[in-house]
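Here is start_13.tsv, consisting of TSV, C-alpha atoms:
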```tsv
chain	number	residue	atom	x	y	z
A	1	MET	CA	152.94	78.69	34.78
A	2	LEU	CA	149.41	80.05	35.17
A	3	ARG	CA	149.13	83.80	34.82
A	4	SER	CA	146.06	84.75	36.82
A	5	THR	CA	144.89	86.18	40.13
A	6	LYS	CA	143.19	84.57	43.08
A	7	THR	CA	140.10	86.67	42.37
A	8	SER	CA	139.68	85.97	38.64
A	9	PRO	CA	136.57	83.79	38.17
A	10	PHE	CA	138.00	82.30	34.98
A	11	GLY	CA	141.32	81.66	36.65
A	12	ARG	CA	139.39	80.04	39.47
A	13	LYS	CA	137.91	77.56	36.99
A	14	VAL	CA	141.40	76.52	35.97
A	15	ARG	CA	142.56	76.22	39.58
A	16	MET	CA	139.58	74.01	40.43
A	17	ALA	CA	140.21	71.82	37.39
A	18	LEU	CA	143.90	71.46	38.25
A	19	ILE	CA	143.02	70.16	41.71
A	20	ALA	CA	140.19	67.94	40.46
A	21	LEU	CA	142.53	66.36	37.89
A	22	GLY	CA	145.44	66.01	40.31
A	23	LEU	CA	147.64	68.38	38.28
A	24	GLU	CA	147.99	71.27	40.72
A	25	GLU	CA	151.59	70.39	41.63
A	26	ARG	CA	152.62	70.76	37.99
A	27	VAL	CA	151.46	74.37	37.59
A	28	HIS	CA	152.76	77.47	39.35
A	29	LEU	CA	150.46	80.47	39.79
A	30	GLN	CA	152.03	83.80	38.89
A	31	SER	CA	149.92	86.88	39.54
A	32	ALA	CA	149.12	89.25	36.69
A	33	ASP	CA	147.68	92.76	36.57
A	34	THR	CA	145.41	93.33	33.59
A	35	MET	CA	145.48	97.10	34.17
A	36	ASP	CA	149.28	97.39	34.23
A	37	GLU	CA	150.61	98.29	30.78
A	38	ASP	CA	154.05	97.02	31.79
A	39	ASP	CA	152.83	93.59	32.88
A	40	SER	CA	154.19	90.90	30.55
A	41	LEU	CA	150.67	89.46	30.36
A	42	ARG	CA	150.00	91.75	27.40
A	43	GLN	CA	152.86	90.16	25.48
A	44	GLN	CA	151.75	86.66	26.47
A	45	ASN	CA	148.09	87.27	25.63
A	46	PRO	CA	147.57	90.28	23.33
A	47	LEU	CA	144.06	90.66	24.78
A	48	GLY	CA	145.56	91.17	28.23
A	49	LYS	CA	143.01	88.79	29.74
A	50	LEU	CA	143.19	86.13	32.42
A	51	PRO	CA	143.95	83.30	32.70
A	52	CYS	CA	146.93	82.56	30.50
A	53	LEU	CA	148.82	79.27	30.72
A	54	MET	CA	152.51	79.39	29.79
A	55	ILE	CA	154.19	76.17	28.67
A	56	GLY	CA	157.79	76.41	27.57
A	57	GLY	CA	157.38	80.05	26.54
A	58	GLU	CA	154.18	79.39	24.57
A	59	ALA	CA	150.91	80.96	25.73
A	60	PHE	CA	147.51	79.28	25.80
A	61	TYR	CA	144.26	81.11	26.54
A	62	ASP	CA	141.30	81.42	27.39
A	63	SER	CA	140.01	79.38	30.37
A	64	HIS	CA	137.98	77.02	28.19
A	65	VAL	CA	140.97	76.21	25.98
A	66	ILE	CA	143.08	75.63	29.08
A	67	LEU	CA	140.50	73.28	30.62
A	68	GLU	CA	140.34	71.25	27.40
A	69	MET	CA	144.13	71.06	27.43
A	70	LEU	CA	144.21	69.94	31.07
A	71	ASP	CA	141.62	67.28	30.31
A	72	ALA	CA	143.83	65.96	27.50
A	73	VAL	CA	146.90	65.97	29.75
A	74	ALA	CA	144.93	63.95	32.33
A	75	GLY	CA	144.09	61.33	29.72
A	76	GLY	CA	140.91	62.79	28.21
A	77	GLY	CA	137.27	62.23	29.06
A	78	ARG	CA	137.68	63.45	32.63
A	79	LEU	CA	136.10	66.90	32.32
A	80	LEU	CA	133.85	66.33	29.32
A	81	PRO	CA	132.87	63.51	26.96
A	82	ARG	CA	135.42	62.68	24.30
A	83	ALA	CA	133.04	62.91	21.35
A	84	GLY	CA	129.47	62.87	20.15
A	85	LEU	CA	126.41	64.91	20.98
A	86	GLU	CA	127.03	64.67	24.74
A	87	ARG	CA	130.34	66.49	24.27
A	88	PHE	CA	128.66	69.37	22.47
A	89	ARG	CA	125.88	69.50	25.04
A	90	ALA	CA	128.52	69.86	27.76
A	91	LEU	CA	130.35	72.56	25.79
A	92	THR	CA	127.10	74.48	25.29
A	93	ARG	CA	126.15	74.29	28.98
A	94	ALA	CA	129.63	75.38	30.00
A	95	ARG	CA	129.43	78.38	27.69
A	96	LEU	CA	126.06	79.26	29.24
A	97	ALA	CA	127.70	79.27	32.68
A	98	ASP	CA	130.61	81.33	31.33
A	99	GLY	CA	128.03	83.79	30.00
A	100	ILE	CA	126.79	84.34	33.55
A	101	THR	CA	130.31	85.28	34.59
A	102	ASP	CA	130.81	87.47	31.51
A	103	ALA	CA	127.65	89.44	32.25
A	104	ALA	CA	128.50	89.75	35.96
A	105	LEU	CA	131.94	91.09	35.03
A	106	LEU	CA	130.38	93.71	32.76
A	107	VAL	CA	128.09	94.84	35.60
A	108	SER	CA	131.11	95.06	37.89
A	109	TYR	CA	133.14	97.01	35.31
A	110	GLU	CA	130.29	99.42	34.64
A	111	ASN	CA	130.19	100.32	38.31
A	112	ARG	CA	133.97	100.27	38.77
A	113	PHE	CA	135.18	102.23	35.73
A	114	ARG	CA	132.40	104.77	35.24
A	115	GLU	CA	132.29	108.03	37.10
A	116	PRO	CA	129.28	108.56	39.41
A	117	GLY	CA	126.27	109.51	37.33
A	118	GLN	CA	127.71	107.99	34.13
A	119	THR	CA	126.56	104.41	34.61
A	120	SER	CA	123.90	103.19	32.20
A	121	GLU	CA	120.95	101.60	33.98
A	122	ARG	CA	119.78	100.24	30.65
A	123	TRP	CA	123.13	98.49	30.15
A	124	LEU	CA	123.10	97.12	33.70
A	125	ALA	CA	119.55	95.80	33.24
A	126	HIS	CA	120.60	94.20	29.94
A	127	GLN	CA	123.46	92.30	31.61
A	128	ARG	CA	121.39	91.32	34.64
A	129	GLY	CA	118.75	89.96	32.27
A	130	LYS	CA	121.35	87.65	30.74
A	131	ILE	CA	122.27	86.38	34.19
A	132	THR	CA	118.66	85.84	35.24
A	133	ARG	CA	117.73	83.98	32.05
A	134	ALA	CA	120.82	81.78	32.22
A	135	LEU	CA	120.16	80.87	35.84
A	136	ALA	CA	116.56	79.98	34.97
A	137	ALA	CA	117.78	77.83	32.07
A	138	PHE	CA	120.03	75.82	34.37
A	139	GLU	CA	117.46	75.09	37.08
A	140	PRO	CA	115.40	72.40	35.29
A	141	ASP	CA	118.50	70.44	34.23
A	142	LEU	CA	121.31	70.83	36.75
A	143	PRO	CA	124.46	68.71	36.39
A	144	ASP	CA	125.37	66.19	39.08
A	145	PRO	CA	127.00	68.31	41.84
A	146	ARG	CA	128.97	65.31	43.11
A	147	ARG	CA	131.01	65.23	39.89
A	148	ALA	CA	133.81	67.68	39.01
A	149	GLU	CA	133.45	68.07	35.28
A	150	LEU	CA	133.51	71.01	32.89
A	151	VAL	CA	129.91	72.14	33.38
A	152	GLN	CA	129.96	71.75	37.16
A	153	ILE	CA	133.26	73.60	37.59
A	154	THR	CA	132.18	76.41	35.27
A	155	LEU	CA	128.77	76.79	36.93
A	156	ALA	CA	130.26	76.77	40.44
A	157	ALA	CA	132.78	79.45	39.44
A	158	ALA	CA	129.96	81.58	38.01
A	159	LEU	CA	127.77	81.27	41.10
A	160	GLY	CA	130.73	81.95	43.37
A	161	TYR	CA	131.45	85.11	41.42
A	162	LEU	CA	127.81	86.20	41.78
A	163	ASP	CA	128.10	85.72	45.54
A	164	TRP	CA	131.29	87.77	45.66
A	165	ARG	CA	130.57	90.71	43.33
A	166	GLN	CA	126.79	90.66	43.87
A	167	PRO	CA	125.61	92.11	40.54
A	168	LEU	CA	122.20	90.89	41.68
A	169	GLU	CA	120.66	88.78	44.42
A	170	TRP	CA	120.23	85.32	42.92
A	171	ARG	CA	119.79	82.86	45.79
A	172	ALA	CA	116.26	83.77	46.88
A	173	ASP	CA	114.88	83.38	43.34
A	174	HIS	CA	116.82	80.21	42.49
A	175	PRO	CA	116.58	77.76	45.41
A	176	ALA	CA	117.47	74.76	43.25
A	177	LEU	CA	120.72	76.43	42.22
A	178	GLU	CA	121.40	77.44	45.81
A	179	ASN	CA	120.99	73.82	46.93
A	180	TRP	CA	123.11	72.65	44.00
A	181	LEU	CA	125.99	74.95	44.96
A	182	ASP	CA	125.78	73.90	48.61
A	183	THR	CA	125.96	70.22	47.58
A	184	PHE	CA	128.83	70.93	45.20
A	185	GLY	CA	130.71	72.68	48.01
A	186	ARG	CA	130.23	69.75	50.37
A	187	SER	CA	131.30	67.25	47.71
A	188	HIS	CA	134.63	68.74	46.65
A	189	CYS	CA	137.60	69.72	48.77
A	190	PHE	CA	138.90	72.10	46.09
A	191	TRP	CA	135.83	74.34	46.51
A	192	SER	CA	136.87	75.29	50.04
A	193	GLU	CA	140.47	75.56	48.83
A	194	THR	CA	139.60	78.14	46.18
A	195	GLU	CA	137.32	79.94	48.63
A	196	ARG	CA	140.13	80.20	51.18
A	197	THR	CA	142.54	81.71	48.69
A	198	ARG	CA	140.17	84.39	47.48
A	199	GLU	CA	141.38	87.82	48.42
```

Could you render the structure as structure tokens?
Amino acid sequence: MLRSTKTSPFGRKVRMALIALGLEERVHLQSADTMDEDDSLRQQNPLGKLPCLMIGGEAFYDSHVILEMLDAVAGGGRLLPRAGLERFRALTRARLADGITDAALLVSYENRFREPGQTSERWLAHQRGKITRALAAFEPDLPDPRRAELVQITLAAALGYLDWRQPLEWRADHPALENWLDTFGRSHCFWSETERTRE
């Protein structure tokens, strides 16, 4: 059972990976509310964060751990190299893409949970700077958009979240990334599937 929401960018990574690996029929999505103190999510994951994968009453989190687990269940070597420097390069690039999502979430939370006039422009600029630098770091060395591996899935989820929450306008300044995401979308049926189920 996957505790998540259709709008969670990290849950979306897991949903894309499940489809890419042919495991989607083995996992049931159960919605969770991170703001609800009575939601059992807080007992399953003490951090109260999404996603959380439940297997026989045992909880596994966060999204990266879950994707590594899914890769192992699918036989290994499907989402990232099994060993060596290439594995660690993939892990590093995936964390860079996750950092884009992390920063975008913090921009969203600053605007959502602060009262008018209390938001910190310095903090917002700090987070947007992370996003901008990470996008620029990806552009010279983009992963193959025709493949559905850890880095590609994580980057697509990050860019999709930028399009949805719009912490900044990224497409005009990053045409290579824009083209990459368009190619990724055309190459994988699960991209339109996760887009359709976004609320």

Legend entry - Minimum-distance residue to Gly129 (chain A), chosen among A:Met1, A:Ala72, A:Phe113, A:Ala103 (using all atoms listed in the file): A:Ala103

Legend entry - Minimum-distance residue to Ala156 (chain A), chosen among A:Trp170, A:Trp191, A:Tyr109, A:Phe138 (using all atoms listed in the file):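 Ranking A:Trp170, A:Trp191, A:Tyr109, A:Phe138 by distance to Ala156 (chain A), first place goes to A:Trp191.
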
Inset, instruction - Have a look at A:Met35, A:Leu47, A:Ala104, A:Val14 and name the one nearest to Met69 (chain A); count all atoms listed in the file. - result: A:Val14

Inset, instruction - Between CA of Arg171 (chain A) and CA of Glu139 (chain A), measure the distance and give it in Å to one decimal. - result: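 Computing the Euclidean distance for CA of Arg171 (chain A) and CA of Glu139 (chain A) yields 11.9 Å.
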
Legend entry - Selected residue, from A:Ala172, A:Leu106, A:Val27, A:Leu150, that lies nearest to Leu53 (chain A) when counting all atoms listed in the file: A:Val27

Inset, instruction - Give as JSON, numbers by chain the set of residues within 10 Å of the point (154.8, 84.8, 37.4), where distances use the file's coordinates and all atoms listed in the file. - result: {"A": [1, 2, 3, 4, 28, 29, 30, 31, 32, 40, 41, 54]}

Inset, instruction - Find the residues with any atom within 12 Å of (131.4, 88.0, 34.0); use all atoms listed in the file and the coordinates as given in the file, and write the answer as a ChimeraX atom specification. - result: /A:8-10,95-110,127-128,130-131,154-155,157-162,164-167

Limited to C-alpha atoms, could you put the picked residues into a file as a compact mmCIF listing (two decimals), keeping the file's coordinate frame?
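Saved to part-v4.txt:
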```txt
# COMPACT_ATOMS: atom_id res chain seq x y z
CA SER A 8 139.68 85.97 38.64
CA PRO A 9 136.57 83.79 38.17
CA PHE A 10 138.00 82.30 34.98
CA ARG A 95 129.43 78.38 27.69
CA LEU A 96 126.06 79.26 29.24
CA ALA A 97 127.70 79.27 32.68
CA ASP A 98 130.61 81.33 31.33
CA GLY A 99 128.03 83.79 30.00
CA ILE A 100 126.79 84.34 33.55
CA THR A 101 130.31 85.28 34.59
CA ASP A 102 130.81 87.47 31.51
CA ALA A 103 127.65 89.44 32.25
CA ALA A 104 128.50 89.75 35.96
CA LEU A 105 131.94 91.09 35.03
CA LEU A 106 130.38 93.71 32.76
CA VAL A 107 128.09 94.84 35.60
CA SER A 108 131.11 95.06 37.89
CA TYR A 109 133.14 97.01 35.31
CA GLU A 110 130.29 99.42 34.64
CA GLN A 127 123.46 92.30 31.61
CA ARG A 128 121.39 91.32 34.64
CA LYS A 130 121.35 87.65 30.74
CA ILE A 131 122.27 86.38 34.19
CA THR A 154 132.18 76.41 35.27
CA LEU A 155 128.77 76.79 36.93
CA ALA A 157 132.78 79.45 39.44
CA ALA A 158 129.96 81.58 38.01
CA LEU A 159 127.77 81.27 41.10
CA GLY A 160 130.73 81.95 43.37
CA TYR A 161 131.45 85.11 41.42
CA LEU A 162 127.81 86.20 41.78
CA TRP A 164 131.29 87.77 45.66
CA ARG A 165 130.57 90.71 43.33
CA GLN A 166 126.79 90.66 43.87
CA PRO A 167 125.61 92.11 40.54
```

Inset, instruction - To one decimal in Å, tell me the separation between CA of Ile19 (chain A) and CA of Pro46 (chain A). - result: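 CA of Pro46 (chain A) lies 27.6 Å from CA of Ile19 (chain A).
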
Inset, instruction - Name the residues in contact with Thr34 (chain A) at a cut-off of 8 Å, using all atoms listed in the file, excluding same-chain residues fewer than 6 positions from it; report them as a ChimeraX atom specification. - result: /A:41-42,48-50

Inset, instruction - Grab the CA of Arg146 (chain A) to CA of Ser187 (chain A) distance for me, in Å with one decimal place. - result: 5.5 Å

Legend entry - Distance criterion (all atoms listed in the file): nearest to Phe184 (chain A) out of A:Leu142, A:Ala94, A:Glu169, A:Asp36: A:Leu142

Around all listed atoms of region 109-115 of chain A, padded 3 Å per side, what centre and edge lengths does the axis-aligned box have in Å to one decimal, as AutoDock Vina command-line options?
```
--center_x 132.7 --center_y 102.5 --center_z 36.7 --size_x 11.0 --size_y 17.0 --size_z 10.1
```

Legend entry - Selected residue, from A:Glu37, A:Gly11, A:Arg112, A:Val73, that lies nearest to Tyr61 (chain A) when counting all atoms listed in the file: A:Gly11
